[in-house]
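S.K.: Sharing a structure below in structure tokens format, with a few things to ask.
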Amino acid sequence: MDSKDYGLVKEEITLVISELNSKEILSNQDKIEIEDHFYCDVENLVGNGLSTREALLVARSRFGALDGIREDYEVVKPEENLLYFVFIGVLLFSFMKGLFVAINMIAQVFWIGIYMYNSTFIENNFWMDIPLRFILLGIGLLVSFRLFKRNPTVNFNRFWYVPILYVVLEVMHRTMGFVVLPGINPYEPVNALRTYGVMMQNETFVGIVLIFLISLVVSFKLFRLKREDHRYV
Amino acid sequence: MKNISKDLVAASCIPLVLSILEEGEDYGYSIIKKVMVASNNQLEWKEGSLYPVLSKLEKNGYVNSDIRTENGRKRKYYSINKPGKSKLAELREEWKLITNTMNTLWTPKTTV
């Protein structure tokens with residue numbers, strides 16, 4: 001093929017890629033791949049005796065309907081959609097909050113144990129409780145990190161149940177906080193239940209908003225980094 | 001060429017691609033041509049559909065890829081990795097079961 005023919009092929013490739021990429025879903029690697037495909041096919045067909053224009057027509061027809069291919073890319077790369085970022089944000093939020101709630105619950109069980117077996121031990125509880133929470137948080141993060149390291153191209157859709165699990169944990173945690181603990185703890189003042197409830201509500205609302213926003217920013221940055229990483233590999 | 005239903009092509013696409021990559025690393029266009037040769041030019045594939053499939057395989061961690069420059073043109077090569085080989089073994093067993101069942105059902109029964 002001479003330079004004029006290459007120009008024709010390049011023009012067609014640009015057209016195909018811009019149609020496929022109308023939703024900015026293709027990475028640079030995808031574009032390289034499609035470009036290489038067309039050059040290979042046209043060269044092959046020209047080698048078999050077709051003119052460049054004929055070869056382009058055949059190559060374009062063999063490539064298939066662009067709408068369908070674009071839809072396939074959208075299915076494969078859902079993280080390119082804004083909604084998916086929101087989903088990841090909710091997932092991260094639920095995971096982090098769920099981890100903290102689980103730790104709180106374990107710590108509460110630990111406290112109940114202390115109350116039941118040694119009610120004079122209360123002053124020491126505070127100092128025992130903090131390391132316990134740190135140890136549990138450490139274990140939780142370590143396990144999560146190892147899981148993600150083992151499978152770095154994890155499909156987040158698989159974790160759809162995490163927000164549900166979090167809600168279940170939150171309900172259990174609140175039940176423990178409002179019902180079980182005040183009943184067991186003889187040192188809890190009568191009005192402490194109401195104060196504790198209001199405190200928990202405020203804390204939970206602020207926590208939800210903050211962690212949700214942080215999760216969204218983190219997930220945006222995460223995927224932007226991922227895209228740039230692909231661009232320069 | 002036979003016009004095979006889209007569902008069947010979609011179902012067979014991943015084992016076909018993984019089987020080709022098991023023989024050695026390869027790039028998109030070459031994979032398409034190898035499928036054509038293997039099917040004796042009988043299998044009609046919309047060629048562009050292969051690329052989202054390759055993307056999916058890479059995302060699921062079954063293949064690795066790298067970009068190389070050949071004769072001044074960039075090309076994306078794929079190679080199968082360990083999880084990909086396990087997946088292929090799994091798919092092979094499934095397809096064997098299906099084809100064996102079909103063969104049993106479709107083979108004319110001889111009466112003694």
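Here, A, B, ... name the chains of the structure tokens in the order displayed, residue numbers run from 1 inside each chain, and ligands are numbered from 1 in the same displayed order.
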Please determine the contact residues of chain B with respect to chain A at a cut-off of 9 Å, counting only C-alpha atoms, and supply them as a PyMOL selection string.
M.R.: chain B and resi 27-30+45-53+55-56+58-61+66-67+73-76
S.K.: Looking only at strand (DSSP E or B) from DSSP on the backbone, list the matching residues of region 44-106 of chain B as a ChimeraX atom specification.
M.R.: /B:63-70,73-80
S.K.: Restricting it to all heavy atoms, dump the selection as a tab-separated table (two decimals), in the first residue's frame.
M.R.:
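For reference, again.tsv as written:
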```
chain	number	residue	atom	x	y	z
B	63	VAL	N	-6.02	-13.86	31.18
B	63	VAL	CA	-4.92	-13.63	30.24
B	63	VAL	C	-4.15	-12.37	30.64
B	63	VAL	O	-4.69	-11.49	31.30
B	63	VAL	CB	-5.42	-13.48	28.77
B	63	VAL	CG1	-6.12	-14.72	28.27
B	63	VAL	CG2	-6.33	-12.28	28.60
B	64	ASN	N	-2.87	-12.34	30.23
B	64	ASN	CA	-2.07	-11.13	30.42
B	64	ASN	C	-1.84	-10.51	29.05
B	64	ASN	O	-1.94	-11.21	28.03
B	64	ASN	CB	-0.72	-11.48	31.04
B	64	ASN	CG	-0.89	-12.16	32.39
B	64	ASN	OD1	-1.82	-11.85	33.12
B	64	ASN	ND2	0.00	-13.08	32.70
B	65	SER	N	-1.53	-9.23	29.02
B	65	SER	CA	-1.29	-8.61	27.72
B	65	SER	C	-0.11	-7.65	27.79
B	65	SER	O	0.25	-7.19	28.87
B	65	SER	CB	-2.53	-7.83	27.29
B	65	SER	OG	-2.64	-6.66	28.05
B	66	ASP	N	0.49	-7.44	26.65
B	66	ASP	CA	1.48	-6.37	26.55
B	66	ASP	C	1.54	-5.80	25.14
B	66	ASP	O	1.19	-6.50	24.18
B	66	ASP	CB	2.87	-6.82	27.04
B	66	ASP	CG	3.49	-7.86	26.18
B	66	ASP	OD1	2.77	-8.79	25.74
B	66	ASP	OD2	4.69	-7.77	25.91
B	67	ILE	N	1.90	-4.55	25.06
B	67	ILE	CA	1.94	-3.86	23.77
B	67	ILE	C	3.37	-3.91	23.24
B	67	ILE	O	4.32	-3.60	23.97
B	67	ILE	CB	1.51	-2.37	23.93
B	67	ILE	CG1	0.07	-2.26	24.43
B	67	ILE	CG2	1.71	-1.59	22.64
B	67	ILE	CD1	-1.01	-2.42	23.40
B	68	ARG	N	3.51	-4.35	22.00
B	68	ARG	CA	4.83	-4.39	21.38
B	68	ARG	C	4.80	-3.62	20.07
B	68	ARG	O	3.73	-3.45	19.48
B	68	ARG	CB	5.24	-5.83	21.07
B	68	ARG	CG	5.50	-6.62	22.32
B	68	ARG	CD	5.86	-8.04	21.97
B	68	ARG	NE	5.42	-8.91	23.05
B	68	ARG	CZ	5.27	-10.21	22.91
B	68	ARG	NH1	5.50	-10.79	21.77
B	68	ARG	NH2	4.89	-10.93	23.94
B	69	THR	N	5.95	-3.17	19.63
B	69	THR	CA	6.01	-2.46	18.35
B	69	THR	C	6.67	-3.37	17.32
B	69	THR	O	7.78	-3.86	17.55
B	69	THR	CB	6.79	-1.15	18.50
B	69	THR	OG1	6.21	-0.43	19.59
B	69	THR	CG2	6.72	-0.29	17.25
B	70	GLU	N	5.94	-3.62	16.23
B	70	GLU	CA	6.47	-4.47	15.15
B	70	GLU	C	6.36	-3.70	13.85
B	70	GLU	O	5.26	-3.27	13.48
B	70	GLU	CB	5.67	-5.77	15.05
B	70	GLU	CG	5.99	-6.74	16.16
B	70	GLU	CD	5.12	-7.99	16.09
B	70	GLU	OE1	4.40	-8.20	15.10
B	70	GLU	OE2	5.16	-8.75	17.07
B	73	ARG	N	4.51	-0.52	13.95
B	73	ARG	CA	3.10	-0.54	14.33
B	73	ARG	C	2.93	-1.20	15.69
B	73	ARG	O	3.57	-2.22	15.96
B	73	ARG	CB	2.30	-1.32	13.28
B	73	ARG	CG	0.79	-1.09	13.40
B	73	ARG	CD	0.02	-2.07	12.60
B	73	ARG	NE	0.34	-1.99	11.17
B	73	ARG	CZ	0.02	-2.94	10.30
B	73	ARG	NH1	-0.59	-4.04	10.70
B	73	ARG	NH2	0.33	-2.81	9.04
B	74	LYS	N	2.09	-0.57	16.52
B	74	LYS	CA	1.88	-1.13	17.85
B	74	LYS	C	0.89	-2.29	17.78
B	74	LYS	O	-0.10	-2.21	17.03
B	74	LYS	CB	1.36	-0.06	18.80
B	74	LYS	CG	2.44	0.88	19.28
B	74	LYS	CD	1.89	1.88	20.25
B	74	LYS	CE	2.97	2.80	20.75
B	74	LYS	NZ	2.44	3.86	21.60
B	75	ARG	N	1.17	-3.33	18.57
B	75	ARG	CA	0.31	-4.52	18.54
B	75	ARG	C	0.15	-5.05	19.96
B	75	ARG	O	1.11	-5.08	20.73
B	75	ARG	CB	0.96	-5.57	17.63
B	75	ARG	CG	0.19	-6.85	17.52
B	75	ARG	CD	0.71	-7.65	16.35
B	75	ARG	NE	0.27	-7.12	15.07
B	75	ARG	CZ	0.77	-7.49	13.89
B	75	ARG	NH1	1.75	-8.35	13.84
B	75	ARG	NH2	0.29	-6.97	12.78
B	76	LYS	N	-1.08	-5.47	20.30
B	76	LYS	CA	-1.33	-5.98	21.65
B	76	LYS	C	-1.31	-7.50	21.65
B	76	LYS	O	-2.13	-8.13	20.97
B	76	LYS	CB	-2.69	-5.47	22.14
B	76	LYS	CG	-2.95	-5.73	23.60
B	76	LYS	CD	-4.25	-5.09	24.05
B	76	LYS	CE	-4.49	-5.32	25.53
B	76	LYS	NZ	-5.76	-4.76	25.99
B	77	TYR	N	-0.39	-8.06	22.40
B	77	TYR	CA	-0.26	-9.52	22.50
B	77	TYR	C	-0.91	-10.03	23.78
B	77	TYR	O	-0.80	-9.39	24.83
B	77	TYR	CB	1.21	-9.92	22.49
B	77	TYR	CG	1.77	-10.10	21.10
B	77	TYR	CD1	2.31	-9.02	20.40
B	77	TYR	CD2	1.74	-11.34	20.48
B	77	TYR	CE1	2.81	-9.17	19.12
B	77	TYR	CE2	2.24	-11.50	19.20
B	77	TYR	CZ	2.77	-10.41	18.53
B	77	TYR	OH	3.26	-10.57	17.26
B	78	TYR	N	-1.53	-11.20	23.68
B	78	TYR	CA	-2.14	-11.82	24.85
B	78	TYR	C	-1.45	-13.15	25.13
B	78	TYR	O	-1.05	-13.84	24.20
B	78	TYR	CB	-3.62	-12.10	24.59
B	78	TYR	CG	-4.46	-10.86	24.47
B	78	TYR	CD1	-4.67	-10.27	23.22
B	78	TYR	CD2	-5.03	-10.27	25.59
B	78	TYR	CE1	-5.44	-9.12	23.10
B	78	TYR	CE2	-5.80	-9.13	25.48
B	78	TYR	CZ	-6.00	-8.56	24.24
B	78	TYR	OH	-6.76	-7.43	24.12
B	79	SER	N	-1.36	-13.47	26.42
B	79	SER	CA	-0.85	-14.80	26.78
B	79	SER	C	-1.71	-15.33	27.93
B	79	SER	O	-2.17	-14.56	28.78
B	79	SER	CB	0.61	-14.71	27.21
B	79	SER	OG	0.75	-13.80	28.26
B	80	ILE	N	-1.91	-16.64	27.92
B	80	ILE	CA	-2.74	-17.26	28.95
B	80	ILE	C	-1.92	-17.40	30.23
B	80	ILE	O	-0.72	-17.66	30.17
B	80	ILE	CB	-3.31	-18.62	28.46
B	80	ILE	CG1	-4.41	-19.13	29.37
B	80	ILE	CG2	-2.22	-19.66	28.29
B	80	ILE	CD1	-5.23	-20.28	28.78
```
S.K.: Within 10 Å of Leu18 (chain B), counting only C-alpha atoms, which residues qualify if same-chain residues fewer than 3 places away don't, as a ChimeraX atom specification?
M.R.: /B:13-15,21-24,31,54,57,62-63,78-81,84-85,87-89,91
S.K.: Kindly give the distance, in Å, that separates CA of Leu210 (chain A) and CA of Leu99 (chain A), rounded to a single decimal.
M.R.: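 Spanning CA of Leu210 (chain A) to CA of Leu99 (chain A) is a straight-line distance of 15.9 Å.
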S.K.: Give me, please, the distance in Å between CA of His173 (chain A) and CA of Leu147 (chain A), quoted to one decimal.
M.R.: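 Distance reported for this atom pair: 25.8 Å.
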S.K.: Excluding region 161-163 of chain A and its own-chain neighbours fewer than 3 positions away, which residues fall within 8 Å of it when counting only C-alpha atoms? Please give them as a list in words.
M.R.: Val90, Leu91, Ser94, Phe95, Arg158, Tyr166 and Val167 of chain A
S.K.: Would you mind listing what lies within 7 Å of region 101-108 of chain A as a PyMOL selection string, with only C-alpha atoms counted and same-chain residues fewer than 3 positions away left out?
M.R.: chain A and resi 97-98+111-112+129+133+136-137+169-170+173
S.K.: Skip Ile20 (chain B) itself and residues of its chain fewer than 6 positions away, then list as a list in words all residues within 9 Å of it, counting only C-alpha atoms.
M.R.: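 Surrounding residues, per the criterion: Asp26, Ile31, Lys34 and Val35 of chain B.
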